[in-house]
Every structure is written in structure tokens, then in C-alpha cells.
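Heads up, the thing below is written out as C-alpha cells.
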Amino acid sequence: MSIEIVVPEMGESVIEATVGRWLVGAGASVKAGQPLVELETDKVDLEVSAERDGVLAEILVEAGADVKIGDVLGKIEVGAEAEATAQDKPEQEKVAEKKAERPEDPPADSPPIEEEKDAKATPVARRMAEDAGMDVAKIPGSGSGGRVTKEDVEKALNAKRAPLPVSAPAPSPVISSSPSPFTRPDARREERVKLSRRRRTIAQRLVEAQHNAAMLTTFNEVDMSAVMELRKRRRDAFEKQMGVRLGFMSFFTKAAIGALRAFPQLNAEIDGDEMILKHYYDIGIAVGAEEGLVVPVLRDADRMSFAQIEQSIRDLAQKVQDGSLSLSDLQGGSFTITNGGVFGSMLSTPILNAPQVGILGLHKIEERPVVIDGAIVARPMMYLALSYDHRIVDGREAVQFLVKVKELIEDPERMLLEM
């Protein structure tokens with residue numbers, strides 16, 4: 001009996017995938033629950049497992065192909081058929097090896113015209129001519145019976161490449177209204193690599209975000225002295241008591257939530273001619289992965305302590321690294337924070353994570369001269385960037401949102417009073 005291997009349901013809004021790689025070869029025995037093939041979606045990678053013990057009899061979709069839910073990827077033979085397939089495998093391999101040892105006989109119904117064409121040139125000569133874009137039938141042959149040889153093709157190529165005589169007038173340049181594109185003579189210095197499904201989806205959604213939203217960015221800067229001093233004083237005791245390091249992201253997550261409470265339009269989305277205001281704070285934290293940026297979500301981050309935020313971010317980052325993120329880790333989210341500073345970015349314009357209408361960008365901390373009480377002093381400063389959808393967020397709210405974040409970071413004790 002044959003069982004089909006089909007593309008399963010892959011979660012909300014995910015209807016397509018790309019076949020990553022087969023983990024089992026055709027003809028191999030498989031056990032129920034054994035992963036057979038990896039599927040790449042725009043969010044996470046999934047494994048499709050065998051439903052029953054048997055033999056992977058057939059692979060119908062090769063790696064790199066795009067598939068949809070319900071498509072048949074391959075077939076598993078179970079029962080007596082599977083045993084027969086497994087027993088026949090060594091014999092089939094022997095037959096294949098014998099066939100490989102001797103050339104295949106030409107098919108009986110091959111047209112005579114093809115035999116005549118093959119007889120006019122050696123295989124090497126034919127291949128050389130094809131690679132050079134030359135018609136082998138137009139090359140004079142010096143071999144037996146006028147057969148075109150390798151040397152004949154080389155001679156024709158050299159004649160084709162020969163420079164024009166000095167006495168010949170140079171041809172006049174022809175200007176075309178639609179010139180052909182420039183082609184590098186040395187194409188070996190280029191490599192064509194197919195984009196992964198995740199990278200294709202990232203590209204598509206970033207372009208859609210720019211096309212479908214009236215996106216603007218406003219900037220400010222924040223003095224990190226108070227947070228850095230607080231971390232320095234409390235870092236060891238915090239880590240010893242909580243079992244996790246006290247980083248900057250927990251401070252900015254709390255500050256962002258405080259600003260979202262003050263300016264709820266930034267914790268919303270547009271649905272047609274309506275605005276959906278969200279009375280929860282599911283904060284997306286952008287994390288760099290090998291195949292592109294992903295944004296796992298901290299659920300109800302307003303109810304988390306500093307330690308819980310830091311632990312959750314660390315757990316999500318570990319899931320990204322080992323590829324164990326689930327779709328539920330990525331779905332939803334009402335506002336996003338991205339930290340380009342970990343890569344050395346001084347200033348950037350983050351792109352909205354649709355359908356969200358706000359994203360906060362953090363950057364590298366650097367000591368810069370600032371004026372405080374009439375004196376020029378060096379302070380650890382960070383540029384902040386807020387990209388927002390101007391359709392429902394005015395510039396006034398966006399600027400005041402960043403000012404609120406700045407105030408909470410520069411006086412972190414206020415977070416304890418306002419949260």
C-alpha cells in the first residue's frame with residue numbers, strides 16, 4: 001500500500017513553502033515519526049515526518065521547488081510492498097551498475113537524420129562548437145569522410161577571432177535606439193544564487209511596507225549615563241539573584257511601553273477605514289539570523305519584570321540560532337524594537353514591520369561632547385530613530401513619543417513609578 005507525503009498546514013497566513021532538502025533518499029527504509037524532508041517558509045523551517053513505517057518509494061518534488069499546502073512530495077510503501085521494494089533494491093543497484101559500465105544502445109526508432117548529424121562531427125568538436133555558438137555543420141571537416149574534429153573547430157575559432165587587416169577601413173559605429181546590455185567577457189567572476197524563501201518574503205514585505213504606508217522617520221538622542229551607571233551598580237547582584245544579565249533591551253522595552261501608553265496611536269494598525277487600538281503590549285524584538293532578520297514577540301511585555309524580559313529575549317535569540325523558532329513565536333506583535341547598534345550602526349532608518357505603525361531603532365553608544373550647565377562634557381550618547389505610519393500618527397505624536405522614551409531612559413527610576 002502506498003501513502004502520500006503531503007505538505008501539511010503550516011500555520012496562520014502561511015500557504016506556500018520551498019522544499020529545502022530531503023533527509024532520506026529514495027529506496028531507504030523509514031520509521032513512523034522520522035523526519036523525511038525540510039520545508040522552508042517565510043517565517044520558520046519545518047520538517048515533514050513519516051506517518052508509518054515503510055520505504056520511501058518515490059520523491060516527487062526535488063529540493064528548491066515551491067509547493068503549497070496539500071501538494072504531494074513523495075510516496076511511502078508500507079506492508080508487503082515495502083518489503084519487496086527493500087529486497088529488490090540491491091538487485092536494482094546491480095542492474096544500474098551494469099548499465100553504467102556499457103554505453104546504452106541507440107533506440108531503434110532514432111531518426112536517420114540524427115545519426116547523419118552525429119557522424120559529421122566528433123562529440124568533442126560538437127560540444128566545443130556549441131559552447132562557442134558556432135554551427136558545426138558550417139565548419140569544414142578534415143577527418144575521415146569529412147568529419148569535423150577538435151582541431152577543425154579550433155581552427156575556425158582562431159579564424160573568427162583573427163583581427164581585421166590593417167588596410168581594412170574601421171567599421172563606422174552604429175548607434176542603436178535599444179542597445180544590447182553589456183556582458184562581461186569573464187563570466188566566471190559572477191555567481192548566481194537563488195534567494196531562499198525567507199529572503200524573498202523579507203524583500204517582498206519590505207517593499208510592500210514602503211508602498212502601502214506613508215512612512216516617515218524622526219530622530220532624537222539619549223544620554224545613556226544613568227542607565228549605564230545603574231547597570232554598573234546593580235549588574236552583579238542582579239545576575240546573581242535573577243540568573244540572567246541585565247542588558248539595555250529591558251530598559252528600552254520598558255521605556256517603549258511607557259511611551260506607547262502615552263501615545264496609543266503607535267500601538268495600533270489600520271484595517272480599511274478603521275484604526276485598531278491595541279490595549280496590550282506584544283513587543284517584537286528584531287534578531288539577526290543567518291537567512292535574514294526575524295522578529296520574535298514578547299507577549300504582554302508590560303507584565304514582565306526586567307529579569308523576565310532579559311530571559312525571554314535570551315531564549316528567543318537562542319531559538320533563532322538553533323532554528324527552533326515556532327510560528328507562534330513570530331505571529332502578532334503590536335510594536336517593534338530593532339538594535340542596529342550591536343552591529344556598529346551609528347544612525348539608520350528602520351522600516352515598518354507591517355501591519356504595525358511604529359518601530360523604534362537603537363544605535364551604537366558613543367561618547368560625544370555635549371553641553372550640560374554651560375560646560376562641555378563627554379557623555380555616552382545614542383541616537384534613536386522612530387519610523388511611523390503618517391496615516392494615523394502625526395509628527396507631533398511621533399516626536400513626543402521619542403521624547404518620552406528619552407526621558408525614561410535618562411531617568412530610569414521614573415519607569416518604576418510610571419509602570
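By order of appearance in the C-alpha cells: chains A, B, ..., then residues from 1 within every chain, and ligands from 1 in the order shown.
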>> Taking the DSSP secondary structure from the backbone, can you list the residues of stretch 163-386 of chain A that are helix (DSSP H, G or I), as JSON, numbers by chain?
In response: {"A": [187, 188, 189, 197, 198, 199, 200, 201, 202, 203, 204, 205, 206, 207, 208, 209, 210, 211, 212, 225, 226, 227, 228, 229, 230, 231, 232, 233, 234, 235, 236, 237, 238, 239, 240, 241, 242, 249, 250, 251, 252, 253, 254, 255, 256, 257, 258, 259, 260, 261, 262, 264, 265, 266, 267, 301, 302, 303, 306, 307, 308, 309, 310, 311, 312, 313, 314, 315, 316, 317, 318, 319, 320, 321, 322, 327, 328, 329, 330, 340, 341, 342, 343]}
> Any idea what's packed within 12 Å of A:Gly25, counting only C-alpha atoms, ignoring anything in its chain fewer than 4 positions away? Could you give it as a list in words?
Replying inline: Arg21, Ser29, Val30, Pro35, Leu36, Val37, Val55, Leu56, Ala57, Glu58, Ile59, Leu60, Glu62, Gly74, Lys75 and Ile76 of chain A
Write the residues you've just listed into a file as a tab-separated table (two decimals), in the first residue's frame, and include C-alpha atoms for each of them.
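Generated output (result04.tsv):
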chain	number	residue	atom	x	y	z
A	21	ARG	CA	16.39	19.21	1.36
A	29	SER	CA	13.59	2.35	4.99
A	30	VAL	CA	11.85	4.88	7.27
A	35	PRO	CA	11.81	13.43	9.54
A	36	LEU	CA	11.86	12.98	5.77
A	37	VAL	CA	12.12	16.44	4.23
A	55	VAL	CA	10.14	2.51	2.43
A	56	LEU	CA	10.47	5.91	0.76
A	57	ALA	CA	9.48	4.62	-2.66
A	58	GLU	CA	9.39	7.86	-4.62
A	59	ILE	CA	10.42	11.51	-4.38
A	60	LEU	CA	8.09	13.63	-6.50
A	62	GLU	CA	13.05	17.93	-5.61
A	74	GLY	CA	6.60	11.75	-2.33
A	75	LYS	CA	5.27	8.29	-1.53
A	76	ILE	CA	5.95	5.68	1.15
> Quick one: residues within 7 Å of stretch 219-231 of chain A, only C-alpha atoms counted, chain neighbours fewer than 2 positions away excluded, as a list of chain:residue names?
Replying inline: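 In the requested format, the answer is A:Thr217, A:Arg233, A:Arg234, A:Arg235, A:Leu246, A:Arg379, A:Pro380, A:Met381, A:Met382, A:Tyr383, A:Leu384, A:Ala385, A:Leu386, A:Leu402, A:Lys406, A:Ile409, A:Glu410, A:Asp411, A:Pro412.
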> What's the 6 Å shell around A:Val67, counting only C-alpha atoms, without same-chain residues fewer than 6 positions away, as a list in words?
Replying inline: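 Contacts, with the query itself left out: Glu16, Ala17 and Thr18 of chain A.
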Store the residues picked out above, limited to C-alpha atoms, as a PDB file, in the first residue's frame.
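As a result, again15.pdb now contains:
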ATOM      1  CA  GLU A  16       3.474  28.221   0.478  1.00  0.00           C
ATOM      2  CA  ALA A  17       6.879  26.740   1.170  1.00  0.00           C
ATOM      3  CA  THR A  18      10.082  25.747  -0.604  1.00  0.00           C
TER       4      THR A  18
END
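Distance annotation: of A:Val342, A:Met242, A:Ala214, A:Ile372, the residue with the minimal separation from A:Asp389 is A:Ala214; atom set is only C-alpha atoms.
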For A:Val405, please output as a PDB file with N, CA and C atoms, in the first residue's frame all residues within 8 Å (counting only C-alpha atoms; exclusion window: fewer than 2 positions along the same chain).
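Ended up saving to out.pdb:
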ATOM      1  N   PHE A 252      14.897  49.651  27.346  1.00  0.00           N
ATOM      2  CA  PHE A 252      14.215  50.244  26.193  1.00  0.00           C
ATOM      3  C   PHE A 252      12.834  49.628  25.967  1.00  0.00           C
ATOM      4  N   ALA A 255      10.747  51.422  28.488  1.00  0.00           N
ATOM      5  CA  ALA A 255      10.562  52.813  28.078  1.00  0.00           C
ATOM      6  C   ALA A 255       9.600  52.916  26.902  1.00  0.00           C
ATOM      7  N   ALA A 256       9.704  51.974  25.950  1.00  0.00           N
ATOM      8  CA  ALA A 256       8.804  51.981  24.799  1.00  0.00           C
ATOM      9  C   ALA A 256       7.361  51.757  25.237  1.00  0.00           C
ATOM     10  N   GLY A 258       6.086  52.521  28.150  1.00  0.00           N
ATOM     11  CA  GLY A 258       5.634  53.766  28.781  1.00  0.00           C
ATOM     12  C   GLY A 258       5.232  54.804  27.749  1.00  0.00           C
ATOM     13  N   ALA A 259       5.997  54.909  26.648  1.00  0.00           N
ATOM     14  CA  ALA A 259       5.664  55.870  25.601  1.00  0.00           C
ATOM     15  C   ALA A 259       4.420  55.430  24.826  1.00  0.00           C
ATOM     16  N   PHE A 401       6.633  60.953  21.345  1.00  0.00           N
ATOM     17  CA  PHE A 401       6.914  59.564  21.712  1.00  0.00           C
ATOM     18  C   PHE A 401       8.407  59.388  21.985  1.00  0.00           C
ATOM     19  N   LEU A 402       9.245  59.872  21.072  1.00  0.00           N
ATOM     20  CA  LEU A 402      10.694  59.734  21.265  1.00  0.00           C
ATOM     21  C   LEU A 402      11.175  60.528  22.476  1.00  0.00           C
ATOM     22  N   VAL A 403      10.589  61.705  22.693  1.00  0.00           N
ATOM     23  CA  VAL A 403      10.960  62.493  23.879  1.00  0.00           C
ATOM     24  C   VAL A 403      10.621  61.722  25.146  1.00  0.00           C
ATOM     25  N   GLU A 407      13.209  60.615  28.036  1.00  0.00           N
ATOM     26  CA  GLU A 407      13.053  60.983  29.448  1.00  0.00           C
ATOM     27  C   GLU A 407      13.137  59.760  30.357  1.00  0.00           C
ATOM     28  N   LEU A 408      12.509  58.669  29.971  1.00  0.00           N
ATOM     29  CA  LEU A 408      12.516  57.470  30.809  1.00  0.00           C
ATOM     30  C   LEU A 408      13.893  56.821  30.864  1.00  0.00           C
ATOM     31  N   ILE A 409      14.639  56.851  29.759  1.00  0.00           N
ATOM     32  CA  ILE A 409      15.982  56.262  29.758  1.00  0.00           C
ATOM     33  C   ILE A 409      16.952  57.131  30.555  1.00  0.00           C
TER      34      ILE A 409
END
> Which neighbours of A:Ile309 fall inside 10 Å, counting only C-alpha atoms, when residues of the same chain fewer than 6 positions from it are skipped, and could you give them as JSON, numbers by chain?
Replying inline: {"A": [244, 246, 247, 249, 250, 251, 253, 254, 298, 299, 301, 302, 303, 315]}
Okay, now the selection with C-alpha atoms, as a PDB file, in the first residue's frame?
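Final output, saved to result16.pdb:
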ATOM      1  CA  VAL A 244      20.431  36.483  33.849  1.00  0.00           C
ATOM      2  CA  LEU A 246      20.961  42.991  32.959  1.00  0.00           C
ATOM      3  CA  GLY A 247      21.155  44.385  29.421  1.00  0.00           C
ATOM      4  CA  MET A 249      16.991  45.935  25.902  1.00  0.00           C
ATOM      5  CA  SER A 250      14.912  45.560  29.062  1.00  0.00           C
ATOM      6  CA  PHE A 251      15.258  49.304  29.740  1.00  0.00           C
ATOM      7  CA  THR A 253      11.353  47.733  26.203  1.00  0.00           C
ATOM      8  CA  LYS A 254      10.002  49.268  29.397  1.00  0.00           C
ATOM      9  CA  LEU A 298       7.455  39.228  23.781  1.00  0.00           C
ATOM     10  CA  ARG A 299       3.823  38.604  24.793  1.00  0.00           C
ATOM     11  CA  ALA A 301       5.761  42.598  27.891  1.00  0.00           C
ATOM     12  CA  ASP A 302       4.161  45.217  30.169  1.00  0.00           C
ATOM     13  CA  ARG A 303       3.542  42.462  32.725  1.00  0.00           C
ATOM     14  CA  ASP A 315      15.603  32.370  24.997  1.00  0.00           C
TER      15      ASP A 315
END
